[in-house]
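Peer 1: Input query-v1.cif, format and content: mmCIF, C-alpha atoms.
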```
data_structure
loop_
_atom_site.label_atom_id
_atom_site.label_comp_id
_atom_site.auth_asym_id
_atom_site.auth_seq_id
_atom_site.Cartn_x
_atom_site.Cartn_y
_atom_site.Cartn_z
CA MET A 187 88.55 99.31 110.72
CA ARG A 188 91.22 101.02 112.86
CA VAL A 189 93.18 103.93 111.40
CA VAL A 190 96.09 106.15 112.46
CA ILE A 191 96.71 109.60 110.96
CA ALA A 192 99.97 111.56 110.56
CA GLU A 193 99.08 115.12 109.50
CA ASP A 194 100.50 118.41 110.82
CA SER A 195 97.45 120.52 109.94
CA VAL A 196 95.14 120.30 112.94
CA LEU A 197 92.16 121.36 110.83
CA LEU A 198 92.65 118.65 108.23
CA ARG A 199 93.59 116.06 110.83
CA GLU A 200 90.44 116.62 112.86
CA GLY A 201 88.38 116.78 109.69
CA LEU A 202 89.68 113.38 108.65
CA VAL A 203 88.89 111.94 112.08
CA ARG A 204 85.28 113.13 111.87
CA LEU A 205 84.86 112.08 108.25
CA LEU A 206 86.12 108.57 109.05
CA ALA A 207 83.97 108.35 112.17
CA ASP A 208 80.88 109.15 110.10
CA ALA A 209 81.77 106.08 108.01
CA ASP A 210 82.18 103.90 111.15
CA ILE A 211 85.97 103.91 110.84
CA GLU A 212 87.82 104.38 114.13
CA THR A 213 90.86 106.65 114.39
CA VAL A 214 92.93 105.15 117.20
CA ALA A 215 95.77 107.74 117.20
CA THR A 216 96.97 110.91 115.46
CA VAL A 217 100.36 112.66 115.26
CA GLY A 218 101.69 115.80 113.62
CA ASP A 219 105.06 114.58 112.35
CA GLY A 220 106.69 111.69 110.48
CA PRO A 221 108.69 110.13 113.33
CA GLY A 222 105.56 109.99 115.48
CA LEU A 223 103.93 107.79 112.86
CA LEU A 224 106.34 104.95 113.55
CA GLY A 225 105.45 104.97 117.24
CA ILE A 226 101.68 104.89 116.82
CA VAL A 227 101.85 102.19 114.14
CA GLU A 228 104.02 100.04 116.41
CA LYS A 229 101.67 100.61 119.34
CA HIS A 230 98.31 100.18 117.62
CA ALA A 231 99.02 97.92 114.58
CA PRO A 232 96.30 99.73 112.59
CA ASP A 233 94.43 98.50 109.54
CA LEU A 234 95.53 101.65 107.68
CA ALA A 235 97.87 104.61 108.15
CA ILE A 236 96.95 107.92 106.50
CA VAL A 237 100.05 110.08 106.04
CA ASP A 238 100.75 113.60 104.77
CA VAL A 239 103.83 113.74 102.51
CA ARG A 240 105.18 117.05 103.86
CA MET A 241 105.46 117.51 107.62
CA PRO A 242 107.79 119.20 110.15
CA PRO A 243 110.57 120.05 110.46
CA SER A 244 111.57 120.61 106.81
CA PHE A 245 108.17 120.13 105.13
CA THR A 246 109.72 118.16 102.26
CA ASP A 247 109.21 114.40 102.38
CA GLU A 248 109.19 113.47 106.08
CA GLY A 249 105.81 111.80 105.79
CA LEU A 250 106.81 109.73 102.79
CA ARG A 251 110.03 108.59 104.47
CA ALA A 252 108.06 107.65 107.58
CA ALA A 253 105.57 105.71 105.44
CA LEU A 254 108.40 103.81 103.75
CA ALA A 255 109.92 103.07 107.16
CA VAL A 256 106.59 101.68 108.34
CA ARG A 257 106.38 99.42 105.31
CA GLU A 258 109.91 98.20 106.05
CA SER A 259 109.39 97.59 109.77
CA ARG A 260 105.84 96.24 109.45
CA PRO A 261 105.54 94.82 105.91
CA GLY A 262 102.04 94.80 104.52
CA THR A 263 100.77 97.72 106.62
CA PRO A 264 98.32 99.54 104.33
CA ILE A 265 99.38 103.15 103.68
CA LEU A 266 97.46 106.05 102.16
CA VAL A 267 99.70 109.03 101.40
CA LEU A 268 98.07 112.44 100.91
CA SER A 269 99.80 115.22 98.97
CA GLN A 270 98.97 118.83 98.17
CA TYR A 271 100.46 118.56 94.69
CA VAL A 272 101.15 115.85 92.12
CA GLU A 273 104.65 114.51 92.74
CA GLU A 274 105.16 111.40 90.65
CA ARG A 275 108.40 110.41 92.38
CA TYR A 276 106.56 109.96 95.66
CA ALA A 277 104.03 107.66 94.03
CA THR A 278 106.72 105.51 92.44
CA ASP A 279 108.85 105.47 95.62
CA LEU A 280 105.87 104.33 97.65
CA ILE A 281 104.67 101.67 95.27
CA GLY A 282 108.18 100.43 94.50
CA GLY A 283 108.30 98.39 97.70
CA GLY A 284 105.07 96.56 96.84
CA ALA A 285 101.81 97.89 95.46
CA GLU A 286 99.34 95.97 97.61
CA GLY A 287 97.70 98.09 100.27
CA VAL A 288 99.09 101.37 98.94
CA GLY A 289 97.42 104.63 98.00
CA TYR A 290 98.58 108.06 96.80
CA LEU A 291 95.93 110.79 96.55
CA LEU A 292 95.78 114.53 96.29
CA LYS A 293 94.29 116.16 99.38
CA GLU A 294 91.53 117.68 97.27
CA ARG A 295 90.08 114.18 96.84
CA VAL A 296 89.05 114.22 100.50
CA SER A 297 86.25 116.65 99.58
CA ASP A 298 84.55 113.86 97.61
CA VAL A 299 83.66 111.94 100.75
CA GLU A 300 82.15 108.88 99.10
CA GLU A 301 85.10 108.42 96.76
CA PHE A 302 87.61 109.01 99.56
CA ILE A 303 86.01 106.51 101.92
CA ASP A 304 85.86 103.98 99.09
CA ALA A 305 89.60 104.49 98.51
CA VAL A 306 90.30 104.07 102.25
CA ARG A 307 88.44 100.76 102.34
CA ARG A 308 90.07 99.47 99.14
CA ILE A 309 93.58 100.26 100.37
CA ALA A 310 92.92 98.74 103.80
CA GLY A 311 91.71 95.65 101.98
CA GLY A 312 95.00 95.33 100.08
CA GLY A 313 94.10 97.30 96.98
CA THR A 314 96.07 100.01 95.18
CA VAL A 315 94.70 103.51 94.56
CA ILE A 316 96.72 106.09 92.61
CA ASP A 317 95.35 109.57 92.00
CA PRO A 318 94.03 110.09 88.45
CA GLU A 319 96.11 113.29 88.17
CA VAL A 320 99.28 111.25 88.66
CA ILE A 321 98.09 108.75 86.07
CA GLY A 322 97.35 111.59 83.66
CA GLN A 323 100.80 113.10 84.03
CA LEU A 324 102.48 109.76 83.53
CA LEU A 325 100.46 109.18 80.38
CA GLY A 326 101.46 112.62 79.10
CA ARG A 327 105.18 111.92 79.43
CA ARG A 328 105.62 109.18 76.87
CA ARG A 329 109.09 109.01 75.39
CA ALA A 330 111.42 106.87 73.32
CA GLY A 331 112.02 103.47 74.81
CA ASP A 332 108.61 103.48 76.47
CA PRO A 333 107.99 99.90 77.69
CA LEU A 334 104.29 100.53 77.09
CA ALA A 335 104.80 101.41 73.42
CA ALA A 336 103.42 98.06 72.26
CA LEU A 337 100.11 98.61 74.04
CA THR A 338 97.06 99.85 72.16
CA PRO A 339 95.30 103.00 73.42
CA ARG A 340 92.58 100.82 74.93
CA GLU A 341 95.13 98.60 76.68
CA ARG A 342 96.82 101.70 78.12
CA GLU A 343 93.43 102.88 79.32
CA VAL A 344 92.78 99.53 81.01
CA LEU A 345 96.24 99.56 82.61
CA GLY A 346 95.67 103.11 83.84
CA LEU A 347 92.45 102.00 85.57
CA MET A 348 94.30 99.02 87.03
CA ALA A 349 96.84 101.48 88.47
CA GLU A 350 93.96 103.34 90.15
CA GLY A 351 93.08 100.08 91.90
CA ARG A 352 89.99 99.24 89.83
CA SER A 353 88.75 95.67 89.72
CA ASN A 354 87.99 93.99 86.39
CA ALA A 355 84.27 94.52 86.96
CA ALA A 356 84.78 98.22 87.73
CA ILE A 357 86.95 98.65 84.62
CA ALA A 358 84.25 97.00 82.53
CA ARG A 359 81.65 99.42 83.90
CA ASP A 360 83.87 102.46 83.34
CA LEU A 361 84.67 101.50 79.74
CA VAL A 362 81.20 100.09 79.02
CA VAL A 363 82.55 96.74 77.85
CA SER A 364 82.09 93.15 78.98
CA ASP A 365 84.10 91.51 81.75
CA GLY A 366 85.44 89.13 79.12
CA ALA A 367 86.75 92.03 77.03
CA VAL A 368 88.58 93.43 80.05
CA GLU A 369 90.11 90.03 80.81
CA LYS A 370 91.31 89.80 77.20
CA HIS A 371 92.87 93.28 77.37
CA ILE A 372 94.66 92.39 80.62
CA SER A 373 95.91 89.14 79.14
CA ASN A 374 97.30 91.10 76.17
CA ILE A 375 98.93 93.60 78.55
CA PHE A 376 100.68 90.81 80.46
CA ALA A 377 101.89 89.26 77.21
CA LYS A 378 103.17 92.55 75.74
CA LEU A 379 104.93 93.49 79.00
CA THR A 380 106.49 90.01 79.11
CA LEU A 381 104.89 89.03 82.40
CA PRO A 382 104.39 85.25 82.27
CA PRO A 383 102.45 83.43 85.00
CA THR A 384 104.60 82.81 88.08
CA SER A 385 104.07 81.80 91.70
CA ASP A 386 106.66 84.36 92.86
CA ASP A 387 105.24 87.62 91.49
CA HIS A 388 101.80 89.23 91.25
CA ARG A 389 101.44 90.07 87.54
CA ARG A 390 98.84 92.77 88.11
CA VAL A 391 101.15 94.56 90.55
CA MET A 392 104.14 94.14 88.23
CA ALA A 393 102.15 95.63 85.34
CA VAL A 394 101.16 98.64 87.44
CA LEU A 395 104.78 99.16 88.51
CA THR A 396 105.87 99.08 84.86
CA TYR A 397 103.17 101.61 84.06
CA LEU A 398 104.23 104.02 86.83
CA ARG A 399 107.93 103.73 86.04
CA ALA A 400 107.37 104.30 82.32
CA GLY A 401 107.07 108.05 82.98
#
```
Taking this structure as input, can you express it in the form of structure tokens?
Peer 2:
Amino acid sequence: MRVVIAEDSVLLREGLVRLLADADIETVATVGDGPGLLGIVEKHAPDLAIVDVRMPPSFTDEGLRAALAVRESRPGTPILVLSQYVEERYATDLIGGGAEGVGYLLKERVSDVEEFIDAVRRIAGGGTVIDPEVIGQLLGRRRAGDPLAALTPREREVLGLMAEGRSNAAIARDLVVSDGAVEKHISNIFAKLTLPPTSDDHRRVMAVLTYLRAG
């Protein structure tokens, strides 16, 4: 796997490089600002770009805007955005252009090396990984007109795990239920969210988008 990193903190950037190298993941280029990300992605066509949300010069959302520009210029490029704090808008902005190969994690997750490397591999493979803290905040902001109102608590729980990028088998393990039970819950979720089978849209992705936007 070949990775590029856009991160202005030299300490964190070099730490990521070493952490990835220990997992046999090659970092082919690093930059310290958003605009630089576009150049190294164009040059190296990496399997994954790891991007800090806030970078010079304004330290607001340069990294996110660069990540969105990458997804526009090179559709399908897997992106993992790292953030110091939970900012739901960034997660929804990022996933709004397509949830496959997208991740949004708090920087503190890097300290759990095994979990972080697993997330890197899942995103590079086309999966979706959303930080549990973001999921928790979205769940805590239910309101009138909630499109998820028809879901049972268990179905919401399943959908939340789907939003974290979990497979059916992983959801079954987490909830200590059978694979068949998970499949039934997901089928009910699709039905209640009015997501019929179609060749044009990925129902799992559409369900996750509905879940994230419901906040």
Peer 1: Neighbours of Arg295 (chain A) within 12 Å (all atoms listed in the file; same-chain residues fewer than 3 positions away dropped), as a ChimeraX atom specification?
Peer 2: /A:202,267-271,290-292,298-306,315-319
Peer 1: What is the CA of Leu205 (chain A)-CA of Gly222 (chain A) distance in Å, reported with one decimal?
Peer 2: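 Here the two named atoms are 22.0 Å from each other.
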Peer 1: How far is it from CA of Val288 (chain A) to CA of Ile236 (chain A), in Å with one decimal?
Peer 2: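 It comes out at 10.2 Å.
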Peer 1: Looking at all atoms listed in the file, which of A:Leu234, A:Lys229, A:Ala377, A:Thr278 is the one that sits closest to Gly313 (chain A)?
Peer 2: A:Leu234
Peer 1: How would you write, as a list of chain:residue names, the residues chosen by the PyMOL selection byres ((chain A and resi 190) around 7) on this structure?
Peer 2: A:Val189, A:Ile191, A:Ala192, A:Thr213, A:Val214, A:Ala215, A:Thr216, A:Pro232, A:Leu234, A:Ala235, A:Ile236
Peer 1: Given the file shown, enumerate the residues that the PyMOL selection byres ((chain A and resi 391) around 10) captures and present them as a PyMOL selection string.
Peer 2: chain A and resi 281-282+284-286+313-314+348-349+351+387-390+392-397
Peer 1: Go through the shown structure with the PyMOL selection byres ((chain A and resi 358-375) around 9) and write out the matching residues as a ChimeraX atom specification.
Peer 2: /A:334,336-337,340-345,347,353-357,376-381,390,393
Peer 1: Give the answer as one residue: which of A:Arg307, A:Arg352, A:Lys293, A:His230 has the shortest atom-to-atom distance to Ser195 (chain A), using only C-alpha atoms?
Peer 2: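 For Ser195 (chain A), the nearest of the candidates is A:Lys293.
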Peer 1: What is the CA of Glu212 (chain A)-CA of Met187 (chain A) distance in Å, reported with one decimal?
Peer 2: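 Taking CA of Glu212 (chain A) and CA of Met187 (chain A), their separation equals 6.2 Å.
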Peer 1: Which is closer to Val272 (chain A) than all the others in A:Arg260, A:Val227, A:Thr246, A:Ile321, using only C-alpha atoms?
Peer 2: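 Under the stated criterion, the closest residue is A:Ile321.
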Peer 1: Find the residue from A:Val203, A:Val320, A:Leu280, A:Leu198 that sits nearest to Glu258 (chain A); use all atoms listed in the file when measuring.
Peer 2: A:Leu280
Peer 1: Could you complete region 203-214 of chain A so that it carries all heavy atoms, and give it back as a PDB file, keeping the file's coordinate frame?
Peer 2:
```pdb
ATOM      1  N   VAL A 203      89.403 112.763 110.973  1.00  0.00           N
ATOM      2  CA  VAL A 203      88.890 111.940 112.080  1.00  0.00           C
ATOM      3  C   VAL A 203      87.368 111.897 112.046  1.00  0.00           C
ATOM      4  O   VAL A 203      86.755 110.831 112.155  1.00  0.00           O
ATOM      5  CB  VAL A 203      89.390 112.470 113.435  1.00  0.00           C
ATOM      6  CG1 VAL A 203      88.671 111.754 114.577  1.00  0.00           C
ATOM      7  CG2 VAL A 203      90.893 112.286 113.567  1.00  0.00           C
ATOM      8  N   ARG A 204      86.745 113.066 111.879  1.00  0.00           N
ATOM      9  CA  ARG A 204      85.280 113.130 111.870  1.00  0.00           C
ATOM     10  C   ARG A 204      84.705 112.443 110.631  1.00  0.00           C
ATOM     11  O   ARG A 204      83.713 111.707 110.730  1.00  0.00           O
ATOM     12  CB  ARG A 204      84.824 114.587 111.916  1.00  0.00           C
ATOM     13  CG  ARG A 204      83.310 114.739 111.797  1.00  0.00           C
ATOM     14  CD  ARG A 204      82.845 116.100 112.237  1.00  0.00           C
ATOM     15  NE  ARG A 204      83.084 116.288 113.660  1.00  0.00           N
ATOM     16  CZ  ARG A 204      82.578 117.331 114.347  1.00  0.00           C
ATOM     17  NH1 ARG A 204      81.830 118.238 113.750  1.00  0.00           N
ATOM     18  NH2 ARG A 204      82.834 117.457 115.623  1.00  0.00           N
ATOM     19  N   LEU A 205      85.332 112.693 109.488  1.00  0.00           N
ATOM     20  CA  LEU A 205      84.860 112.080 108.250  1.00  0.00           C
ATOM     21  C   LEU A 205      84.901 110.549 108.356  1.00  0.00           C
ATOM     22  O   LEU A 205      83.957 109.855 107.963  1.00  0.00           O
ATOM     23  CB  LEU A 205      85.737 112.572 107.088  1.00  0.00           C
ATOM     24  CG  LEU A 205      85.399 112.184 105.657  1.00  0.00           C
ATOM     25  CD1 LEU A 205      85.956 113.240 104.711  1.00  0.00           C
ATOM     26  CD2 LEU A 205      85.973 110.834 105.286  1.00  0.00           C
ATOM     27  N   LEU A 206      85.994 110.021 108.887  1.00  0.00           N
ATOM     28  CA  LEU A 206      86.120 108.570 109.050  1.00  0.00           C
ATOM     29  C   LEU A 206      85.111 108.041 110.061  1.00  0.00           C
ATOM     30  O   LEU A 206      84.520 106.972 109.864  1.00  0.00           O
ATOM     31  CB  LEU A 206      87.545 108.215 109.484  1.00  0.00           C
ATOM     32  CG  LEU A 206      88.644 108.497 108.448  1.00  0.00           C
ATOM     33  CD1 LEU A 206      90.023 108.377 109.090  1.00  0.00           C
ATOM     34  CD2 LEU A 206      88.533 107.545 107.264  1.00  0.00           C
ATOM     35  N   ALA A 207      84.917 108.782 111.147  1.00  0.00           N
ATOM     36  CA  ALA A 207      83.970 108.350 112.170  1.00  0.00           C
ATOM     37  C   ALA A 207      82.555 108.242 111.603  1.00  0.00           C
ATOM     38  O   ALA A 207      81.803 107.324 111.942  1.00  0.00           O
ATOM     39  CB  ALA A 207      83.989 109.315 113.350  1.00  0.00           C
ATOM     40  N   ASP A 208      82.201 109.178 110.728  1.00  0.00           N
ATOM     41  CA  ASP A 208      80.880 109.150 110.100  1.00  0.00           C
ATOM     42  C   ASP A 208      80.692 107.903 109.240  1.00  0.00           C
ATOM     43  O   ASP A 208      79.557 107.497 108.948  1.00  0.00           O
ATOM     44  CB  ASP A 208      80.663 110.392 109.248  1.00  0.00           C
ATOM     45  CG  ASP A 208      80.473 111.651 110.088  1.00  0.00           C
ATOM     46  OD1 ASP A 208      80.205 111.511 111.296  1.00  0.00           O
ATOM     47  OD2 ASP A 208      80.608 112.763 109.532  1.00  0.00           O
ATOM     48  N   ALA A 209      81.820 107.306 108.808  1.00  0.00           N
ATOM     49  CA  ALA A 209      81.770 106.080 108.010  1.00  0.00           C
ATOM     50  C   ALA A 209      82.051 104.845 108.874  1.00  0.00           C
ATOM     51  O   ALA A 209      82.360 103.775 108.352  1.00  0.00           O
ATOM     52  CB  ALA A 209      82.793 106.157 106.876  1.00  0.00           C
ATOM     53  N   ASP A 210      81.949 105.002 110.203  1.00  0.00           N
ATOM     54  CA  ASP A 210      82.180 103.900 111.150  1.00  0.00           C
ATOM     55  C   ASP A 210      83.597 103.364 111.082  1.00  0.00           C
ATOM     56  O   ASP A 210      83.834 102.162 111.236  1.00  0.00           O
ATOM     57  CB  ASP A 210      81.177 102.763 110.936  1.00  0.00           C
ATOM     58  CG  ASP A 210      79.740 103.188 111.220  1.00  0.00           C
ATOM     59  OD1 ASP A 210      79.541 103.957 112.184  1.00  0.00           O
ATOM     60  OD2 ASP A 210      78.837 102.764 110.487  1.00  0.00           O
ATOM     61  N   ILE A 211      84.547 104.270 110.844  1.00  0.00           N
ATOM     62  CA  ILE A 211      85.970 103.910 110.840  1.00  0.00           C
ATOM     63  C   ILE A 211      86.627 104.611 112.022  1.00  0.00           C
ATOM     64  O   ILE A 211      86.556 105.840 112.144  1.00  0.00           O
ATOM     65  CB  ILE A 211      86.653 104.326 109.527  1.00  0.00           C
ATOM     66  CG1 ILE A 211      86.003 103.602 108.338  1.00  0.00           C
ATOM     67  CG2 ILE A 211      88.143 104.039 109.573  1.00  0.00           C
ATOM     68  CD1 ILE A 211      86.477 104.084 106.981  1.00  0.00           C
ATOM     69  N   GLU A 212      87.254 103.845 112.892  1.00  0.00           N
ATOM     70  CA  GLU A 212      87.820 104.380 114.130  1.00  0.00           C
ATOM     71  C   GLU A 212      89.245 104.892 113.925  1.00  0.00           C
ATOM     72  O   GLU A 212      90.093 104.175 113.406  1.00  0.00           O
ATOM     73  CB  GLU A 212      87.821 103.306 115.213  1.00  0.00           C
ATOM     74  CG  GLU A 212      88.403 103.764 116.540  1.00  0.00           C
ATOM     75  CD  GLU A 212      88.550 102.646 117.549  1.00  0.00           C
ATOM     76  OE1 GLU A 212      88.303 101.471 117.170  1.00  0.00           O
ATOM     77  OE2 GLU A 212      88.911 102.938 118.707  1.00  0.00           O
ATOM     78  N   THR A 213      89.497 106.122 114.366  1.00  0.00           N
ATOM     79  CA  THR A 213      90.860 106.650 114.390  1.00  0.00           C
ATOM     80  C   THR A 213      91.421 106.410 115.789  1.00  0.00           C
ATOM     81  O   THR A 213      90.952 106.996 116.767  1.00  0.00           O
ATOM     82  CB  THR A 213      90.891 108.155 114.070  1.00  0.00           C
ATOM     83  OG1 THR A 213      90.316 108.372 112.771  1.00  0.00           O
ATOM     84  CG2 THR A 213      92.317 108.675 114.081  1.00  0.00           C
ATOM     85  N   VAL A 214      92.422 105.545 115.882  1.00  0.00           N
ATOM     86  CA  VAL A 214      92.930 105.150 117.200  1.00  0.00           C
ATOM     87  C   VAL A 214      94.049 106.057 117.690  1.00  0.00           C
ATOM     88  O   VAL A 214      94.354 106.094 118.888  1.00  0.00           O
ATOM     89  CB  VAL A 214      93.408 103.684 117.201  1.00  0.00           C
ATOM     90  CG1 VAL A 214      92.233 102.752 116.964  1.00  0.00           C
ATOM     91  CG2 VAL A 214      94.490 103.449 116.152  1.00  0.00           C
TER      92      VAL A 214
END
```
